[in-house]
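Structure file data.pdb (PDB, C-alpha atoms) is printed below.
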MODEL        1
ATOM      1  CA  MET A  14      98.791 104.676  87.957  1.00  0.00           C
ATOM      2  CA  PHE A  15     100.451 101.333  87.468  1.00  0.00           C
ATOM      3  CA  GLU A  16     100.819  99.370  84.243  1.00  0.00           C
ATOM      4  CA  ILE A  17     101.161  95.745  83.211  1.00  0.00           C
ATOM      5  CA  GLY A  18     104.628  94.503  84.138  1.00  0.00           C
ATOM      6  CA  ASP A  19     105.077  96.866  87.092  1.00  0.00           C
ATOM      7  CA  LYS A  20     106.465  95.366  90.297  1.00  0.00           C
ATOM      8  CA  VAL A  21     104.413  96.507  93.265  1.00  0.00           C
ATOM      9  CA  VAL A  22     103.974  95.824  96.975  1.00  0.00           C
ATOM     10  CA  TYR A  23     100.570  94.962  98.387  1.00  0.00           C
ATOM     11  CA  PRO A  24     100.726  95.624 102.170  1.00  0.00           C
ATOM     12  CA  MET A  25     100.171  92.485 104.270  1.00  0.00           C
ATOM     13  CA  HIS A  26     100.692  90.269 101.197  1.00  0.00           C
ATOM     14  CA  GLY A  27     104.077  91.122  99.724  1.00  0.00           C
ATOM     15  CA  ALA A  28     105.469  92.017  96.333  1.00  0.00           C
ATOM     16  CA  GLY A  29     104.018  90.971  93.027  1.00  0.00           C
ATOM     17  CA  ILE A  30     103.888  91.755  89.341  1.00  0.00           C
ATOM     18  CA  ILE A  31     100.885  93.280  87.610  1.00  0.00           C
ATOM     19  CA  GLU A  32     100.054  90.725  84.926  1.00  0.00           C
ATOM     20  CA  GLY A  33      96.936  92.310  83.556  1.00  0.00           C
ATOM     21  CA  ILE A  34      94.131  94.790  83.885  1.00  0.00           C
ATOM     22  CA  GLU A  35      90.635  93.382  83.502  1.00  0.00           C
ATOM     23  CA  GLU A  36      87.168  94.777  83.670  1.00  0.00           C
ATOM     24  CA  ARG A  37      84.738  92.646  85.647  1.00  0.00           C
ATOM     25  CA  GLU A  38      81.145  92.988  86.682  1.00  0.00           C
ATOM     26  CA  ILE A  39      80.629  92.074  90.320  1.00  0.00           C
ATOM     27  CA  LEU A  40      77.253  92.582  92.010  1.00  0.00           C
ATOM     28  CA  GLY A  41      76.036  94.484  88.962  1.00  0.00           C
ATOM     29  CA  GLU A  42      78.887  96.977  89.083  1.00  0.00           C
ATOM     30  CA  LYS A  43      81.607  97.130  86.430  1.00  0.00           C
ATOM     31  CA  GLN A  44      85.060  97.800  87.764  1.00  0.00           C
ATOM     32  CA  SER A  45      88.611  97.686  86.509  1.00  0.00           C
ATOM     33  CA  TYR A  46      90.992  95.326  88.348  1.00  0.00           C
ATOM     34  CA  PHE A  47      94.730  94.793  88.437  1.00  0.00           C
ATOM     35  CA  ILE A  48      95.649  91.112  88.244  1.00  0.00           C
ATOM     36  CA  LEU A  49      98.601  90.779  90.593  1.00  0.00           C
ATOM     37  CA  ARG A  50     100.760  87.641  90.697  1.00  0.00           C
ATOM     38  CA  PHE A  51     103.009  86.966  93.668  1.00  0.00           C
ATOM     39  CA  PRO A  52     106.055  84.914  92.607  1.00  0.00           C
ATOM     40  CA  VAL A  53     106.786  83.961  96.225  1.00  0.00           C
ATOM     41  CA  GLY A  54     103.894  81.700  97.159  1.00  0.00           C
ATOM     42  CA  ASP A  55     102.599  81.617  93.566  1.00  0.00           C
ATOM     43  CA  MET A  56      99.314  83.383  94.288  1.00  0.00           C
ATOM     44  CA  LYS A  57      97.150  85.717  92.182  1.00  0.00           C
ATOM     45  CA  VAL A  58      94.794  88.433  93.404  1.00  0.00           C
ATOM     46  CA  MET A  59      92.486  90.963  91.805  1.00  0.00           C
ATOM     47  CA  ILE A  60      92.680  94.502  93.151  1.00  0.00           C
ATOM     48  CA  PRO A  61      90.194  97.197  92.119  1.00  0.00           C
ATOM     49  CA  THR A  62      92.229  99.892  90.346  1.00  0.00           C
ATOM     50  CA  ALA A  63      90.142 102.553  92.120  1.00  0.00           C
ATOM     51  CA  ASN A  64      91.316 101.283  95.534  1.00  0.00           C
ATOM     52  CA  VAL A  65      95.061 101.180  94.866  1.00  0.00           C
ATOM     53  CA  GLU A  66      95.880 104.349  96.806  1.00  0.00           C
ATOM     54  CA  GLN A  67      93.551 103.493  99.699  1.00  0.00           C
ATOM     55  CA  ILE A  68      95.108 100.005 100.009  1.00  0.00           C
ATOM     56  CA  GLY A  69      98.605 101.498  99.995  1.00  0.00           C
ATOM     57  CA  ILE A  70     100.014  99.724  96.955  1.00  0.00           C
ATOM     58  CA  ARG A  71     103.423 101.108  96.042  1.00  0.00           C
ATOM     59  CA  GLU A  72     106.324 100.355  93.720  1.00  0.00           C
ATOM     60  CA  VAL A  73     108.959  97.831  94.778  1.00  0.00           C
ATOM     61  CA  ILE A  74     112.064  99.490  96.222  1.00  0.00           C
ATOM     62  CA  SER A  75     115.164 100.049  94.097  1.00  0.00           C
ATOM     63  CA  VAL A  76     118.217  97.807  94.230  1.00  0.00           C
ATOM     64  CA  GLU A  77     120.104 100.693  95.910  1.00  0.00           C
ATOM     65  CA  GLU A  78     117.443 100.868  98.614  1.00  0.00           C
ATOM     66  CA  ILE A  79     117.950  97.154  99.377  1.00  0.00           C
ATOM     67  CA  ASP A  80     121.453  97.933 100.655  1.00  0.00           C
ATOM     68  CA  LYS A  81     119.889 100.324 103.194  1.00  0.00           C
ATOM     69  CA  VAL A  82     117.354  97.676 104.236  1.00  0.00           C
ATOM     70  CA  VAL A  83     120.149  95.114 104.668  1.00  0.00           C
ATOM     71  CA  GLU A  84     122.103  97.628 106.773  1.00  0.00           C
ATOM     72  CA  PHE A  85     118.952  98.298 108.821  1.00  0.00           C
ATOM     73  CA  LEU A  86     118.456  94.551 109.405  1.00  0.00           C
ATOM     74  CA  SER A  87     121.951  94.262 110.846  1.00  0.00           C
ATOM     75  CA  SER A  88     121.396  97.090 113.341  1.00  0.00           C
ATOM     76  CA  ASP A  89     120.500  96.461 116.980  1.00  0.00           C
ATOM     77  CA  GLN A  90     117.067  95.373 118.072  1.00  0.00           C
ATOM     78  CA  SER A  91     114.755  98.295 118.816  1.00  0.00           C
ATOM     79  CA  HIS A  92     112.679  98.483 121.968  1.00  0.00           C
ATOM     80  CA  MET A  93     109.662  96.193 122.072  1.00  0.00           C
ATOM     81  CA  SER A  94     107.057  96.085 124.792  1.00  0.00           C
ATOM     82  CA  ASN A  95     107.301  93.214 127.265  1.00  0.00           C
ATOM     83  CA  ASN A  96     103.516  93.020 127.152  1.00  0.00           C
ATOM     84  CA  TRP A  97     102.785  90.353 124.533  1.00  0.00           C
ATOM     85  CA  ASN A  98      99.460  91.843 123.449  1.00  0.00           C
ATOM     86  CA  LYS A  99     100.843  95.380 123.050  1.00  0.00           C
ATOM     87  CA  ARG A 100     103.924  94.101 121.187  1.00  0.00           C
ATOM     88  CA  TYR A 101     101.735  92.047 118.828  1.00  0.00           C
ATOM     89  CA  ARG A 102      99.500  95.054 118.022  1.00  0.00           C
ATOM     90  CA  GLN A 103     102.501  97.341 117.433  1.00  0.00           C
ATOM     91  CA  ASN A 104     104.131  94.804 115.115  1.00  0.00           C
ATOM     92  CA  MET A 105     100.873  94.246 113.209  1.00  0.00           C
ATOM     93  CA  GLU A 106     100.564  97.999 112.586  1.00  0.00           C
ATOM     94  CA  LYS A 107     104.120  98.053 111.221  1.00  0.00           C
ATOM     95  CA  ILE A 108     103.362  95.190 108.831  1.00  0.00           C
ATOM     96  CA  LYS A 109     100.092  96.810 107.709  1.00  0.00           C
ATOM     97  CA  SER A 110     101.942 100.048 106.904  1.00  0.00           C
ATOM     98  CA  GLY A 111     103.541  98.401 103.868  1.00  0.00           C
ATOM     99  CA  ASP A 112     106.798 100.260 104.626  1.00  0.00           C
ATOM    100  CA  ILE A 113     109.748  97.921 104.007  1.00  0.00           C
ATOM    101  CA  TYR A 114     111.710  99.362 106.946  1.00  0.00           C
ATOM    102  CA  GLU A 115     108.788  98.758 109.319  1.00  0.00           C
ATOM    103  CA  VAL A 116     108.455  95.173 108.046  1.00  0.00           C
ATOM    104  CA  ALA A 117     112.236  94.679 108.302  1.00  0.00           C
ATOM    105  CA  GLU A 118     112.119  95.957 111.885  1.00  0.00           C
ATOM    106  CA  VAL A 119     109.449  93.389 112.795  1.00  0.00           C
ATOM    107  CA  VAL A 120     111.487  90.599 111.141  1.00  0.00           C
ATOM    108  CA  ARG A 121     114.717  91.621 112.873  1.00  0.00           C
ATOM    109  CA  ASN A 122     113.154  92.118 116.308  1.00  0.00           C
ATOM    110  CA  LEU A 123     111.116  88.914 116.272  1.00  0.00           C
ATOM    111  CA  MET A 124     114.012  86.799 114.971  1.00  0.00           C
ATOM    112  CA  LEU A 125     116.280  88.162 117.721  1.00  0.00           C
ATOM    113  CA  ARG A 126     113.578  87.720 120.364  1.00  0.00           C
ATOM    114  CA  ASP A 127     112.964  84.156 119.173  1.00  0.00           C
ATOM    115  CA  ARG A 128     116.645  83.390 119.655  1.00  0.00           C
ATOM    116  CA  GLU A 129     116.695  84.914 123.156  1.00  0.00           C
ATOM    117  CA  LYS A 130     113.329  83.998 124.662  1.00  0.00           C
ATOM    118  CA  GLY A 131     111.300  82.147 122.064  1.00  0.00           C
ATOM    119  CA  LEU A 132     108.048  83.278 120.468  1.00  0.00           C
ATOM    120  CA  SER A 133     104.415  82.447 121.013  1.00  0.00           C
ATOM    121  CA  THR A 134     102.596  80.632 118.215  1.00  0.00           C
ATOM    122  CA  ALA A 135     100.936  83.880 117.096  1.00  0.00           C
ATOM    123  CA  GLU A 136     104.245  85.770 117.009  1.00  0.00           C
ATOM    124  CA  ARG A 137     105.928  82.910 115.174  1.00  0.00           C
ATOM    125  CA  LYS A 138     103.176  83.107 112.527  1.00  0.00           C
ATOM    126  CA  MET A 139     103.591  86.902 112.379  1.00  0.00           C
ATOM    127  CA  LEU A 140     107.356  86.486 111.882  1.00  0.00           C
ATOM    128  CA  SER A 141     106.780  83.995 109.085  1.00  0.00           C
ATOM    129  CA  ASN A 142     104.359  86.366 107.345  1.00  0.00           C
ATOM    130  CA  ALA A 143     106.641  89.404 107.753  1.00  0.00           C
ATOM    131  CA  ARG A 144     109.643  87.419 106.440  1.00  0.00           C
ATOM    132  CA  GLN A 145     107.667  86.377 103.339  1.00  0.00           C
ATOM    133  CA  ILE A 146     106.675  90.008 102.685  1.00  0.00           C
ATOM    134  CA  LEU A 147     110.282  91.179 103.073  1.00  0.00           C
ATOM    135  CA  ILE A 148     111.717  88.317 101.014  1.00  0.00           C
ATOM    136  CA  SER A 149     109.185  88.809  98.199  1.00  0.00           C
ATOM    137  CA  GLU A 150     110.100  92.473  97.787  1.00  0.00           C
ATOM    138  CA  ILE A 151     113.850  91.831  97.764  1.00  0.00           C
ATOM    139  CA  VAL A 152     113.391  88.924  95.317  1.00  0.00           C
ATOM    140  CA  LEU A 153     111.498  91.144  92.854  1.00  0.00           C
ATOM    141  CA  SER A 154     113.758  94.156  93.296  1.00  0.00           C
ATOM    142  CA  LYS A 155     116.999  92.225  92.783  1.00  0.00           C
ATOM    143  CA  ASP A 156     115.585  89.568  90.411  1.00  0.00           C
ATOM    144  CA  ALA A 157     117.094  87.162  92.921  1.00  0.00           C
ATOM    145  CA  ASP A 158     116.324  83.614  93.977  1.00  0.00           C
ATOM    146  CA  GLU A 159     113.999  83.157  96.985  1.00  0.00           C
ATOM    147  CA  GLU A 160     116.408  80.742  98.738  1.00  0.00           C
ATOM    148  CA  GLU A 161     119.302  83.151  98.197  1.00  0.00           C
ATOM    149  CA  VAL A 162     117.378  86.056  99.784  1.00  0.00           C
ATOM    150  CA  THR A 163     116.185  83.867 102.680  1.00  0.00           C
ATOM    151  CA  ALA A 164     119.789  82.838 103.383  1.00  0.00           C
ATOM    152  CA  LEU A 165     120.881  86.491 103.172  1.00  0.00           C
ATOM    153  CA  ILE A 166     118.310  87.595 105.771  1.00  0.00           C
ATOM    154  CA  ASP A 167     119.051  84.675 108.082  1.00  0.00           C
ATOM    155  CA  GLY A 168     122.780  85.347 107.779  1.00  0.00           C
ATOM    156  CA  ILE A 169     122.370  89.014 108.664  1.00  0.00           C
ATOM    157  CA  ILE A 170     120.251  88.258 111.726  1.00  0.00           C
ATOM    158  CA  ASP A 171     122.684  85.508 112.793  1.00  0.00           C
ATOM    159  CA  GLY A 172     125.471  88.097 112.667  1.00  0.00           C
ATOM    160  CA  GLU A 173     127.265  86.621 109.674  1.00  0.00           C
ATOM    161  CA  GLY A 174     127.027  89.858 107.690  1.00  0.00           C
ATOM    162  CA  VAL A 175     126.362  90.095 103.993  1.00  0.00           C
TER     163      VAL A 175
ENDMDL
END

Starting from the coordinates I provided, produce the structure as structure tokens.
Amino acid sequence: MFEIGDKVVYPMHGAGIIEGIEEREILGEKQSYFILRFPVGDMKVMIPTANVEQIGIREVISVEEIDKVVEFLSSDQSHMSNNWNKRYRQNMEKIKSGDIYEVAEVVRNLMLRDREKGLSTAERKMLSNARQILISEIVLSKDADEEEVTALIDGIIDGEGV
């Protein structure tokens, strides 16, 4: 179980810090909630502590693991369906997984595809969301600046290296 101060990832939302644990009564039922603050985007959410496993909340990756993610980002684009609808569904499943490598794959592939062929409005929004999720986790793991991490990711995708 997580504690106050832990850095965690909430799939589809990004990385945040548990700022508190509160008990609330909602619809006549008392439940314990984690209060999670997302530094990137400055948002707070309440997550029922009983649902943490079901939601897929996990610890933020280690600094050592970031090097592997950065290496993964600089690898070649993986195969994506030419069918827009199928590609969108596959990418959404990867983002929902909460796995940083799956999210990084979506970011890399969509950024490269955008450069080559452009993206639809929906895919552009998906890319923006996936980038925020990826950036938020790296920011919390490295205690880095959001702009610095954004520049790092853009530089890797643009082929400038680390």

Evaluate the PyMOL selection byres ((chain A and resi 92-97) around 12) here and jot the selected residues down as an NGL selection string. :A and (89-91 or 98-104 or 118-119 or 121-123 or 125-126 or 130 or 132-136)

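Excluding A:Glu159 itself and any same-chain residue fewer than 3 positions from it, the protein and nucleic acid residues within 9 Å of it, counting only C-alpha atoms, are A:Val53, A:Ile148, A:Ser149, A:Ile151, A:Val152, A:Val162, A:Thr163, A:Ala164.
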
Point-to-point distance in Å for atom CA of A:Val22 and atom CA of A:Asn64: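 A separation of 13.9 Å between them.
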
For this structure, which residues satisfy the selection - the PyMOL selection byres ((chain A and resi 66-78) around 6) - when it is evaluated on the file as given? I want them as a list in words. Lys20, Val21, Val22, Tyr23, Asn64, Val65, Ile79, Asp80, Lys81, Ser154 and Lys155 of chain A

Between A:Ala117, A:Met56, A:Arg144, A:Asp112, which residue has the minimum interatomic distance to A:Ser88, considering only C-alpha atoms?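 Of A:Ala117, A:Met56, A:Arg144, A:Asp112, the one nearest A:Ser88, counting only C-alpha atoms, is A:Ala117.
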
Quick one: distance from atom CA of A:Ile113 to atom CA of A:Ala63 in Å, one decimal?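 For atom CA of A:Ile113 relative to atom CA of A:Ala63, the distance reads 23.4 Å.
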
Under the PyMOL selection byres ((chain A and resi 142) around 10), which residues of this model are included? Write them out as a PyMOL selection string. chain A and resi 25-27+108+116+120+136-141+143-148

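When only C-alpha atoms are used to measure the gap to A:Asp19, the shortest distance among A:Pro52, A:Gly111, A:Pro61, A:Gly33 belongs to A:Gly33.
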
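Rounded to one decimal, atom CA of A:Ile60 and atom CA of A:Val82 lie 27.2 Å from each other.
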
In the coordinate frame of the file, compute which residues have an atom within 12 Å of (99.3, 84.2, 92.0) when using only C-alpha atoms, and state them as JSON, numbers by chain. {"A": [26, 27, 28, 29, 30, 31, 32, 33, 48, 49, 50, 51, 52, 53, 54, 55, 56, 57, 58, 59]}

I'd like the box whose edges run along x, y and z of the file and which contains every listed atom of stretch 83-92 of chain A, padded by 5 Å per side; could you state its centre and edge lengths in Å, one decimal, as JSON?
{"center_x": 117.4, "center_y": 96.4, "center_z": 113.3, "size_x": 19.4, "size_y": 14.2, "size_z": 27.3}

Could you check which of A:Glu84, A:Asp158, A:Ser110, A:Glu115 is closest to A:Ile170, using only C-alpha atoms?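 When distances to A:Ile170 are compared using only C-alpha atoms, the smallest one comes from A:Glu84.
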